[in-house]
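Comments concern the structure below.
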Amino acid sequence: MKRLLQIGLLMALALMISGCTKTLETPKEPVIDASLPLVENIRTLASGNEIGFEWTPIYGNTIEGYYLYRLEGGRMKKIATIKDKYVSHYVDTKLAPNTTYSYQMSTYASDKHESAPSLSISATTTMPVAKTPTVGVVEPVSFFTAISGLPAQAKVIWRPHALENVTTYIIERNEYKSTSWDEVGKVEGRLNAEFIDKELLNDYVYRYRVKVKTHDGVLSAPSQVVEARTKAAPRGIVGVQATSDLPKKILLTWEAFSEADFAYYKIYRSPTSSLFYSFYGKTNSTAFEDLINDNGKMYYYKVVAVDKDGLESKQPENPVVGMTRPILSAPLVHAAKYDGRSVFMAWNSNENAIKYTITKEFKSAGETKTQSFTGIFENNFQDTDILLGVTYKYNIIAIDKFGIASKPSDSVMITIPKE
């Protein structure tokens, strides 16, 4: 019983220490990257329990999105992570009416490091307004526009409606050669004032309009129609070439890409011209080296350009084919004889061979012996180191300038007479 009491006391002490440790933890401080751009031109619009924000979006490829901080208890506390750099509106909700709040914003990168905070900005919520039934016709929003040039997406923004009882914005889209308008999104909250339409075609024009809806279900007439053209993909790469004479590698080269927002090149590869081309590598250079531990290996390639928004140029219809340097064909012996004093052999020359090696195998005193003759630069050989009554087997190997050896020739067997 005493031992159980001791164990219980120890466990209680451990829990107390654990609780104290958690209490003493300090909030994680942000890691500031001074190279990241600052959020600028922050504007606010307040209602009874919401504050809407609008800022100048930053489309550079160095950031992923934005952090929003609110002053609480004497320090700035992160209250929102806006995970899309193309967004430029946010609404802070569930606030107390007739109260002043202070905020700061920062940009953040893929490693979660963030920029220095923006200038502090304050906004005051208004006194709550009772929602009364809507009377008469609801006017459309007074300002509506579209942002073009975004990658596979279009952005529309508007001025928040003046009526306090507006709850929803309904976004409709129409494409050329179509007579119908399709609903593509709803945005809840009067102070929310943007919509991003995603997964669109590149370099394509879309038309948009917006309607507003009140809390009691009354719809406005459509707004004016606006157009947005999505960003075009980069043009194709030209001048792609692939080598076929390098040992254990294929070198791809192409002409430099000159568009301003170019980011890098992607290389796709396939073992045949007709199979699926899988992503194989990327580079900022106009050359790519494919290291292959095999001789005479063939691959097909397609190279595309990628811009800063991740858009790729269209893959070319026809690939380029490359091959690692093949091994030389085995020498073909066309003469082999014993002239009474030596063995003479001759073989066909290979224009890519720079030298030859000859191996010689024979038996002497019941033991198999071998010899090698290297550094032979002609396509013939004379062996004077022979013994009477012995059978010799010769093989010839061609070697190119990279040191790659051919397969051995067919064996040449010569028996030296005993006399």
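Residues are named by chain letter and number: chains run A, B, ... in the order of the structure tokens, numbers start at 1 in each chain, and ligands are numbered from 1 in the order shown.
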
Query raised in the report: Using the chain letters and numbers from this document, which residues of range 244-396 of chain A does DSSP assign to strand (DSSP E), as a ChimeraX atom specification?
Result: /A:249-253,262-270,278-283,287-291,298-307,320-323,333-338,343-347,353-364,367-376,380-383,391-396

Requested in this report: Please provide as a list in words all residues within 8 Å of range 99-108 of chain A, with the sequence filter that same-chain residues fewer than 4 positions apart are discarded (counting only C-alpha atoms).
Outcome: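 That gives Leu36, Pro37, Leu38, Val39, Ile63, Glu64, Gly65, Tyr66, Tyr67, Leu68, Tyr69, Arg70, Leu71, Met76, Lys112, His113, Glu114, Ser115, Ala116, Pro117, Ser118, Leu119, Ser120, Ile121, Ser122, Ala123, Thr124, Thr125 and Thr126 of chain A.
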
Could the residues in this selection be written to a file with N, CA and C atoms, as a PDB file, in the first residue's frame?
ATOM      1  N   LEU A  36      11.973  38.908 -49.110  1.00  0.00           N
ATOM      2  CA  LEU A  36      10.596  38.728 -49.556  1.00  0.00           C
ATOM      3  C   LEU A  36       9.884  40.079 -49.650  1.00  0.00           C
ATOM      4  N   PRO A  37       9.009  40.242 -50.630  1.00  0.00           N
ATOM      5  CA  PRO A  37       8.328  41.536 -50.812  1.00  0.00           C
ATOM      6  C   PRO A  37       7.324  41.819 -49.702  1.00  0.00           C
ATOM      7  N   LEU A  38       7.129  43.096 -49.430  1.00  0.00           N
ATOM      8  CA  LEU A  38       6.188  43.528 -48.401  1.00  0.00           C
ATOM      9  C   LEU A  38       4.789  43.660 -48.978  1.00  0.00           C
ATOM     10  N   VAL A  39       3.783  43.490 -48.121  1.00  0.00           N
ATOM     11  CA  VAL A  39       2.400  43.751 -48.523  1.00  0.00           C
ATOM     12  C   VAL A  39       2.162  45.255 -48.432  1.00  0.00           C
ATOM     13  N   ILE A  63       6.898  34.012 -53.545  1.00  0.00           N
ATOM     14  CA  ILE A  63       5.997  33.857 -52.402  1.00  0.00           C
ATOM     15  C   ILE A  63       4.909  32.831 -52.700  1.00  0.00           C
ATOM     16  N   GLU A  64       4.338  32.293 -51.602  1.00  0.00           N
ATOM     17  CA  GLU A  64       3.245  31.329 -51.687  1.00  0.00           C
ATOM     18  C   GLU A  64       1.904  31.961 -51.307  1.00  0.00           C
ATOM     19  N   GLY A  65       1.932  32.941 -50.389  1.00  0.00           N
ATOM     20  CA  GLY A  65       0.689  33.544 -49.924  1.00  0.00           C
ATOM     21  C   GLY A  65       0.957  34.620 -48.892  1.00  0.00           C
ATOM     22  N   TYR A  66      -0.032  34.811 -47.982  1.00  0.00           N
ATOM     23  CA  TYR A  66       0.033  35.927 -47.038  1.00  0.00           C
ATOM     24  C   TYR A  66      -0.377  35.468 -45.637  1.00  0.00           C
ATOM     25  N   TYR A  67       0.191  36.133 -44.619  1.00  0.00           N
ATOM     26  CA  TYR A  67      -0.236  35.968 -43.238  1.00  0.00           C
ATOM     27  C   TYR A  67      -0.917  37.267 -42.794  1.00  0.00           C
ATOM     28  N   LEU A  68      -2.005  37.124 -42.007  1.00  0.00           N
ATOM     29  CA  LEU A  68      -2.683  38.272 -41.418  1.00  0.00           C
ATOM     30  C   LEU A  68      -2.570  38.180 -39.905  1.00  0.00           C
ATOM     31  N   TYR A  69      -2.112  39.266 -39.287  1.00  0.00           N
ATOM     32  CA  TYR A  69      -1.952  39.341 -37.827  1.00  0.00           C
ATOM     33  C   TYR A  69      -2.927  40.372 -37.261  1.00  0.00           C
ATOM     34  N   ARG A  70      -3.432  40.089 -36.037  1.00  0.00           N
ATOM     35  CA  ARG A  70      -4.301  41.031 -35.320  1.00  0.00           C
ATOM     36  C   ARG A  70      -3.736  41.266 -33.934  1.00  0.00           C
ATOM     37  N   LEU A  71      -3.799  42.489 -33.468  1.00  0.00           N
ATOM     38  CA  LEU A  71      -3.263  42.832 -32.152  1.00  0.00           C
ATOM     39  C   LEU A  71      -4.177  42.284 -31.069  1.00  0.00           C
ATOM     40  N   MET A  76       1.050  41.013 -31.687  1.00  0.00           N
ATOM     41  CA  MET A  76       0.391  40.590 -32.913  1.00  0.00           C
ATOM     42  C   MET A  76       0.273  39.065 -32.953  1.00  0.00           C
ATOM     43  N   LYS A 112       8.038  28.671 -45.431  1.00  0.00           N
ATOM     44  CA  LYS A 112       7.270  29.305 -44.343  1.00  0.00           C
ATOM     45  C   LYS A 112       7.982  30.504 -43.725  1.00  0.00           C
ATOM     46  N   HIS A 113       9.151  30.868 -44.232  1.00  0.00           N
ATOM     47  CA  HIS A 113       9.748  32.134 -43.810  1.00  0.00           C
ATOM     48  C   HIS A 113       8.886  33.265 -44.362  1.00  0.00           C
ATOM     49  N   GLU A 114       8.872  34.391 -43.660  1.00  0.00           N
ATOM     50  CA  GLU A 114       7.982  35.461 -44.071  1.00  0.00           C
ATOM     51  C   GLU A 114       8.704  36.792 -44.174  1.00  0.00           C
ATOM     52  N   SER A 115       8.048  37.721 -44.852  1.00  0.00           N
ATOM     53  CA  SER A 115       8.620  39.052 -45.006  1.00  0.00           C
ATOM     54  C   SER A 115       8.501  39.838 -43.705  1.00  0.00           C
ATOM     55  N   ALA A 116       9.116  40.988 -43.695  1.00  0.00           N
ATOM     56  CA  ALA A 116       8.880  41.915 -42.581  1.00  0.00           C
ATOM     57  C   ALA A 116       7.401  42.310 -42.602  1.00  0.00           C
ATOM     58  N   PRO A 117       6.834  42.627 -41.430  1.00  0.00           N
ATOM     59  CA  PRO A 117       5.403  42.981 -41.399  1.00  0.00           C
ATOM     60  C   PRO A 117       5.131  44.305 -42.095  1.00  0.00           C
ATOM     61  N   SER A 118       3.919  44.437 -42.582  1.00  0.00           N
ATOM     62  CA  SER A 118       3.499  45.700 -43.186  1.00  0.00           C
ATOM     63  C   SER A 118       3.350  46.765 -42.103  1.00  0.00           C
ATOM     64  N   LEU A 119       3.078  47.972 -42.519  1.00  0.00           N
ATOM     65  CA  LEU A 119       2.718  49.009 -41.559  1.00  0.00           C
ATOM     66  C   LEU A 119       1.425  48.610 -40.851  1.00  0.00           C
ATOM     67  N   SER A 120       1.303  48.961 -39.585  1.00  0.00           N
ATOM     68  CA  SER A 120       0.092  48.644 -38.833  1.00  0.00           C
ATOM     69  C   SER A 120      -1.073  49.465 -39.373  1.00  0.00           C
ATOM     70  N   ILE A 121      -2.220  48.804 -39.480  1.00  0.00           N
ATOM     71  CA  ILE A 121      -3.409  49.481 -39.983  1.00  0.00           C
ATOM     72  C   ILE A 121      -4.570  49.191 -39.037  1.00  0.00           C
ATOM     73  N   SER A 122      -5.382  50.202 -38.761  1.00  0.00           N
ATOM     74  CA  SER A 122      -6.494  50.058 -37.815  1.00  0.00           C
ATOM     75  C   SER A 122      -7.820  50.263 -38.531  1.00  0.00           C
ATOM     76  N   ALA A 123      -8.845  49.579 -38.030  1.00  0.00           N
ATOM     77  CA  ALA A 123     -10.202  49.722 -38.567  1.00  0.00           C
ATOM     78  C   ALA A 123     -11.183  49.538 -37.425  1.00  0.00           C
ATOM     79  N   THR A 124     -12.326  50.213 -37.525  1.00  0.00           N
ATOM     80  CA  THR A 124     -13.326  50.168 -36.459  1.00  0.00           C
ATOM     81  C   THR A 124     -14.636  49.619 -37.004  1.00  0.00           C
ATOM     82  N   THR A 125     -15.129  48.586 -36.338  1.00  0.00           N
ATOM     83  CA  THR A 125     -16.428  48.037 -36.740  1.00  0.00           C
ATOM     84  C   THR A 125     -17.532  49.041 -36.421  1.00  0.00           C
ATOM     85  N   THR A 126     -18.621  48.915 -37.136  1.00  0.00           N
ATOM     86  CA  THR A 126     -19.735  49.856 -36.960  1.00  0.00           C
ATOM     87  C   THR A 126     -20.741  49.309 -35.965  1.00  0.00           C
TER      88      THR A 126
END

Query - Who sits within 8 Å of Arg43 in chain A, only C-alpha atoms, same chain under 5 positions skipped, as a list in words - result: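 Those residues are Phe53, Glu54 and Trp55 of chain A.
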
Query raised in the report: What's the 10 Å shell around Lys297 in chain A, counting only C-alpha atoms, without same-chain residues fewer than 4 positions away, as a list of chain:residue names?
Result: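 Returned residues: A:Ser244, A:Lys248, A:Lys249, A:Ile250, A:Pro271, A:Ile292, A:Asn293, A:Gly322, A:Met323, A:Thr324, A:Arg325, A:Pro326.
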
Query raised in the report: What is the CA of Asp261 in chain A to CA of Gly310 in chain A distance in Å?
Result: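 These atoms are spaced 10.2 Å apart.
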
Query raised in the report: Neighbours of Lys363 in chain A within 10 Å (only C-alpha atoms; same-chain residues fewer than 3 positions away dropped), as JSON, numbers by chain?
Result: {"A": [366, 367, 368, 369, 370, 390, 391, 392, 393]}

**Report entry** Pick from A:Ile79, A:Gly52, A:Ile376, A:Thr134, whichever lies nearest to Glu164 in chain A using only C-alpha atoms
**Finding:**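 Smallest separation from Glu164 in chain A among the options: A:Thr134.
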